[in-house]
Amino acid sequence: MRYRPFGTTDMAVSALTLRLVDSESPRASDWRDLVFTALECGINSFQVEGESPAMLAGLGEAFASVERRLLFLTWRVRDDGTAMDHQTIERLVGGAFEGLGLDYLDLVLVNDPRAPHLAPAFEAGLRSLHQSRAVRGLGIASRGDIDPGLMRNGMVTAISSPFNLSSGWAERHRIRSAAQADYAVIGEDFWPQALRDGGESAPRKPSLWRRRTDPLADVGGYEFLHGTPGWSGEEICLGYALTEPSLATVRITADRPAEVERLAAVVERDLPNGVCAQIEMARFSAQEREKAAGRD
C-alpha cells in the first residue's frame with residue numbers, strides 16, 4: 001500500500017479508502033472481517049455510510065483493535081445538502097460516537113448545499129463538534145463547483161469529487177485547483193457506470209466510407225478495458241485514478257474480503273504498456289465527437 005498526505009492535516013492516508021455501506025449482511029462478524037482484511041492490506045482510511053446495529057457493532061470492534069491515531073475515519077452524511085438539521089447531528093452522534101464508540105471523527109462528508117453556507121441548525125451543531133475536536137474536518141461532496149464562501153467557513157478541509165479516465169477538463173481543473181489550495185481531494189466513481197457493461201467500450205464498427213472520411217473513426221474506443229490480459233476494466237480504471245497526483249485517496253467499494261484484496265493489489269501494479277496512450281486517445285476521440293455532434 002502507498003500513503004499520501006491528507007491536505008494540510010498531519011495524517012497520511014492510504015491510497016485507497018474503503019467505503020463501508022449498509023448491505024444485506026446481517027452479521028457483525030462479516031463487517032469485522034472486511035475491515036481486518038483491509039487493514040492487513042494496508043488500508044487505514046474508511047468511509048462509513050450506514051447505521052444498522054450489526055454494521056456499527058462489527059466496525060466498532062474492528063476499529064477498536066487499532067490505535068486510533070493510525071486510522072482516518074469519515075462519516076458520510078447522505079441527507080440533501082439543504083435539508084440537514086439538528087436531527088442529522090443527532091444521528092451522526094448516535095452512529096459515530098455511540099454506535100462505533102469513537103472519541104472523534106477525522107472527517108464528516110456532506111453533500112454540497114450549492115450555497116455559501118450549510119443549513120443553519122446543522123452548521124451550528126457541526127461547529128460545536130468541531131470546536132470540541134470531536135470532528136476534525138468537514139468534506140464537501142460535489143460534482144460541480146463549490147461556492148467559495150462555503151469553502152472558507154473554517155471547517156472545510158476536503159472535497160470529494162468524481163475522477164475517472166473519462167473525466168473532462170472541468171473535472172480535472174476542479175480537483176487540481178482544490179489540491180493547490182491545500183484541500184485534500186477524495187476521488188470517487190473511478191469505475192463509472194458509462195464504462196461498465198460495455199456501454200462506451202464497444203462502439204459499432206464504422207463503415208468503410210466513414211473510416212476513409214473520418215480520421216477518428218477507428219480511434220478512441222474503450223475496447224481495451226475488456227481485452228487487456230491480466231486486467232479487468234475495473235482494475236484499469238482504478239490504476240488510472242491512482243496516477244492522478246491531486247488525489248489524496250481513491251474511494252473503493254467492496255463487500256467481500258477477496259474484493260478488497262484484489263483492488264488493494266492494484267496499488268502496487270503499473271498499468272500495462274500502451275494502456276495510458278489508449279486512454280488518452282479514447283478521451284481525445286470522445287471530446288472531438290462531442291464537438292462534432294454540437295456542430296451538427
# chains A, B, ... in the order shown; residues from 1 in each chain; ligands from 1
call {"tool": "residues_around", "arguments": {"residues": "Phe6 in chain A", "least_positions_apart": "4", "cutoff": "6 Å", "atoms": "only C-alpha atoms", "output": "number ranges by chain"}}
result
A: 11-12, 184, 248
call {"tool": "residues_around", "arguments": {"residues": "Ser52 in chain A", "least_positions_apart": "2", "cutoff": "12 Å", "atoms": "only C-alpha atoms", "output": "PDB file with C-alpha atoms, in the first residue's frame"}}
result
ATOM      1  CA  LEU A  20     -18.492   0.752   4.204  1.00  0.00           C
ATOM      2  CA  VAL A  21     -22.161   1.000   3.329  1.00  0.00           C
ATOM      3  CA  ASP A  22     -25.224  -0.804   4.702  1.00  0.00           C
ATOM      4  CA  SER A  23     -25.806  -4.053   2.829  1.00  0.00           C
ATOM      5  CA  GLU A  24     -27.698  -7.312   3.224  1.00  0.00           C
ATOM      6  CA  SER A  25     -25.048  -8.737   5.538  1.00  0.00           C
ATOM      7  CA  PRO A  26     -26.752  -9.216   8.918  1.00  0.00           C
ATOM      8  CA  ARG A  27     -23.708 -10.295  10.906  1.00  0.00           C
ATOM      9  CA  ALA A  28     -21.324  -8.046  12.787  1.00  0.00           C
ATOM     10  CA  TRP A  31     -18.134  -6.308   8.849  1.00  0.00           C
ATOM     11  CA  VAL A  48     -18.838   4.787   6.945  1.00  0.00           C
ATOM     12  CA  GLU A  49     -22.293   5.064   5.373  1.00  0.00           C
ATOM     13  CA  GLY A  50     -24.928   3.334   7.442  1.00  0.00           C
ATOM     14  CA  ALA A  54     -24.796  -5.140  13.132  1.00  0.00           C
ATOM     15  CA  MET A  55     -22.689  -2.907  10.931  1.00  0.00           C
ATOM     16  CA  LEU A  56     -21.824  -0.467  13.707  1.00  0.00           C
ATOM     17  CA  ALA A  57     -21.035  -3.286  16.141  1.00  0.00           C
ATOM     18  CA  GLY A  58     -18.699  -5.065  13.733  1.00  0.00           C
ATOM     19  CA  LEU A  59     -16.942  -1.900  12.602  1.00  0.00           C
ATOM     20  CA  ARG A  91     -27.938  10.650  14.033  1.00  0.00           C
ATOM     21  CA  GLY A  94     -25.613   8.326  17.761  1.00  0.00           C
ATOM     22  CA  GLY A  95     -23.934   6.419  14.950  1.00  0.00           C
ATOM     23  CA  ALA A  96     -20.322   7.544  15.117  1.00  0.00           C
ATOM     24  CA  GLY A  99     -22.606   3.160  17.816  1.00  0.00           C
ATOM     25  CA  LEU A 100     -18.936   2.923  16.798  1.00  0.00           C
TER      26      LEU A 100
END
call {"tool": "residues_around", "arguments": {"residues": "range 33-38 of chain A", "least_positions_apart": "3", "cutoff": "7 Å", "atoms": "only C-alpha atoms", "output": "PyMOL selection string"}}
result
chain A and resi 29-30+41-43+62+256-257+260
call {"tool": "closest_residue", "arguments": {"among": "A:Ala64, A:Leu126, A:Val135, A:Val185", "to": "Glu90 in chain A", "atoms": "only C-alpha atoms"}}
result
A:Leu126
call {"tool": "residues_around", "arguments": {"residues": "Pro113 in chain A", "least_positions_apart": "4", "cutoff": "7 Å", "atoms": "only C-alpha atoms", "output": "ChimeraX atom specification"}}
result
/A:81-82,118
call {"tool": "closest_residue", "arguments": {"among": "A:Ala170, A:Gly7, A:Asn273, A:Glu261", "to": "Leu39 in chain A", "atoms": "only C-alpha atoms"}}
result
A:Glu261
call {"tool": "atom_distance", "arguments": {"atom1": "CA of Met1 in chain A", "atom2": "CA of Ala264 in chain A"}}
result
7.2 Å
call {"tool": "select_by_dssp", "arguments": {"residues": "range 107-168 of chain A", "states": "strand (DSSP E or B)", "output": "list in words"}}
result
Leu107, Val108, Leu109, Val110, Asn111, Val135, Leu138, Gly139, Ile140, Ala141, Val156, Thr157, Ala158, Ile159, Ser160, Ser161 and Pro162 of chain A
call {"tool": "atom_distance", "arguments": {"atom1": "CA of Glu123 in chain A", "atom2": "CA of Leu107 in chain A"}}
result
14.4 Å
call {"tool": "residues_around", "arguments": {"residues": "range 225-228 of chain A", "least_positions_apart": "2", "cutoff": "9 Å", "atoms": "only C-alpha atoms", "output": "PDB file with N, CA, C and O atoms, in the first residue's frame"}}
result
ATOM      1  N   LEU A 195     -18.880   3.237 -18.378  1.00  0.00           N
ATOM      2  CA  LEU A 195     -17.860   2.334 -18.915  1.00  0.00           C
ATOM      3  C   LEU A 195     -18.060   0.889 -18.460  1.00  0.00           C
ATOM      4  O   LEU A 195     -17.270   0.022 -18.811  1.00  0.00           O
ATOM      5  N   GLY A 198     -19.953  -2.579 -21.015  1.00  0.00           N
ATOM      6  CA  GLY A 198     -19.713  -2.322 -22.431  1.00  0.00           C
ATOM      7  C   GLY A 198     -20.365  -1.086 -22.969  1.00  0.00           C
ATOM      8  O   GLY A 198     -20.419  -0.889 -24.182  1.00  0.00           O
ATOM      9  N   SER A 201     -17.620   0.948 -24.278  1.00  0.00           N
ATOM     10  CA  SER A 201     -16.412   0.187 -24.548  1.00  0.00           C
ATOM     11  C   SER A 201     -16.421  -0.479 -25.907  1.00  0.00           C
ATOM     12  O   SER A 201     -15.383  -0.864 -26.420  1.00  0.00           O
ATOM     13  N   TYR A 222     -13.146   2.128 -26.096  1.00  0.00           N
ATOM     14  CA  TYR A 222     -12.707   1.630 -24.793  1.00  0.00           C
ATOM     15  C   TYR A 222     -12.639   0.105 -24.773  1.00  0.00           C
ATOM     16  O   TYR A 222     -12.781  -0.516 -23.726  1.00  0.00           O
ATOM     17  N   GLU A 223     -12.386  -0.494 -25.945  1.00  0.00           N
ATOM     18  CA  GLU A 223     -12.321  -1.955 -26.005  1.00  0.00           C
ATOM     19  C   GLU A 223     -11.247  -2.524 -25.094  1.00  0.00           C
ATOM     20  O   GLU A 223     -11.388  -3.626 -24.560  1.00  0.00           O
ATOM     21  N   GLY A 230      -4.866 -10.047 -18.051  1.00  0.00           N
ATOM     22  CA  GLY A 230      -4.474  -9.902 -16.662  1.00  0.00           C
ATOM     23  C   GLY A 230      -5.080  -8.716 -15.942  1.00  0.00           C
ATOM     24  O   GLY A 230      -4.787  -8.491 -14.760  1.00  0.00           O
ATOM     25  N   TRP A 231      -5.927  -7.955 -16.649  1.00  0.00           N
ATOM     26  CA  TRP A 231      -6.543  -6.774 -16.052  1.00  0.00           C
ATOM     27  C   TRP A 231      -8.039  -6.748 -16.365  1.00  0.00           C
ATOM     28  O   TRP A 231      -8.440  -6.962 -17.509  1.00  0.00           O
ATOM     29  N   SER A 232      -8.840  -6.456 -15.362  1.00  0.00           N
ATOM     30  CA  SER A 232     -10.258  -6.209 -15.609  1.00  0.00           C
ATOM     31  C   SER A 232     -10.435  -4.724 -15.896  1.00  0.00           C
ATOM     32  O   SER A 232      -9.558  -3.903 -15.610  1.00  0.00           O
ATOM     33  N   GLY A 233     -11.587  -4.369 -16.448  1.00  0.00           N
ATOM     34  CA  GLY A 233     -11.855  -2.958 -16.701  1.00  0.00           C
ATOM     35  C   GLY A 233     -11.830  -2.148 -15.421  1.00  0.00           C
ATOM     36  O   GLY A 233     -11.334  -1.012 -15.385  1.00  0.00           O
ATOM     37  N   GLU A 234     -12.370  -2.720 -14.347  1.00  0.00           N
ATOM     38  CA  GLU A 234     -12.382  -2.023 -13.059  1.00  0.00           C
ATOM     39  C   GLU A 234     -10.965  -1.761 -12.572  1.00  0.00           C
ATOM     40  O   GLU A 234     -10.652  -0.669 -12.072  1.00  0.00           O
ATOM     41  N   GLU A 235     -10.083  -2.739 -12.733  1.00  0.00           N
ATOM     42  CA  GLU A 235      -8.699  -2.585 -12.268  1.00  0.00           C
ATOM     43  C   GLU A 235      -7.944  -1.549 -13.093  1.00  0.00           C
ATOM     44  O   GLU A 235      -7.144  -0.779 -12.554  1.00  0.00           O
ATOM     45  N   ILE A 236      -8.202  -1.492 -14.395  1.00  0.00           N
ATOM     46  CA  ILE A 236      -7.564  -0.473 -15.234  1.00  0.00           C
ATOM     47  C   ILE A 236      -8.019   0.912 -14.809  1.00  0.00           C
ATOM     48  O   ILE A 236      -7.211   1.841 -14.673  1.00  0.00           O
ATOM     49  N   CYS A 237      -9.322   1.068 -14.587  1.00  0.00           N
ATOM     50  CA  CYS A 237      -9.851   2.374 -14.171  1.00  0.00           C
ATOM     51  C   CYS A 237      -9.286   2.794 -12.820  1.00  0.00           C
ATOM     52  O   CYS A 237      -8.966   3.969 -12.612  1.00  0.00           O
ATOM     53  N   PRO A 272      -0.398  -1.634 -17.815  1.00  0.00           N
ATOM     54  CA  PRO A 272       0.313  -2.266 -18.933  1.00  0.00           C
ATOM     55  C   PRO A 272       0.792  -1.243 -19.958  1.00  0.00           C
ATOM     56  O   PRO A 272       0.192  -0.171 -20.123  1.00  0.00           O
ATOM     57  N   VAL A 275      -1.486   1.207 -22.402  1.00  0.00           N
ATOM     58  CA  VAL A 275      -2.837   1.486 -21.925  1.00  0.00           C
ATOM     59  C   VAL A 275      -3.050   2.980 -21.702  1.00  0.00           C
ATOM     60  O   VAL A 275      -4.096   3.532 -22.056  1.00  0.00           O
TER      61      VAL A 275
END
call {"tool": "closest_residue", "arguments": {"among": "A:Ala282, A:Ile146, A:Leu105, A:Cys276", "to": "Ser132 in chain A", "atoms": "only C-alpha atoms"}}
result
A:Leu105
call {"tool": "atom_distance", "arguments": {"atom1": "CA of Asp182 in chain A", "atom2": "CA of Ala83 in chain A"}}
result
28.4 Å
call {"tool": "closest_residue", "arguments": {"among": "A:Val250, A:Ala121, A:Met155, A:Ile175", "to": "Arg143 in chain A", "atoms": "only C-alpha atoms"}}
result
A:Ile175
call {"tool": "select_by_dssp", "arguments": {"residues": "range 31-220 of chain A", "states": "helix (DSSP H, G or I)", "output": "PyMOL selection string"}}
result
chain A and resi 31-40+53-64+68-70+86-99+120-131+148-151+169-180+193-198+208-213
call {"tool": "closest_residue", "arguments": {"among": "A:Glu244, A:Gly101, A:Asp10, A:Leu129", "to": "Leu70 in chain A", "atoms": "only C-alpha atoms"}}
result
A:Asp10
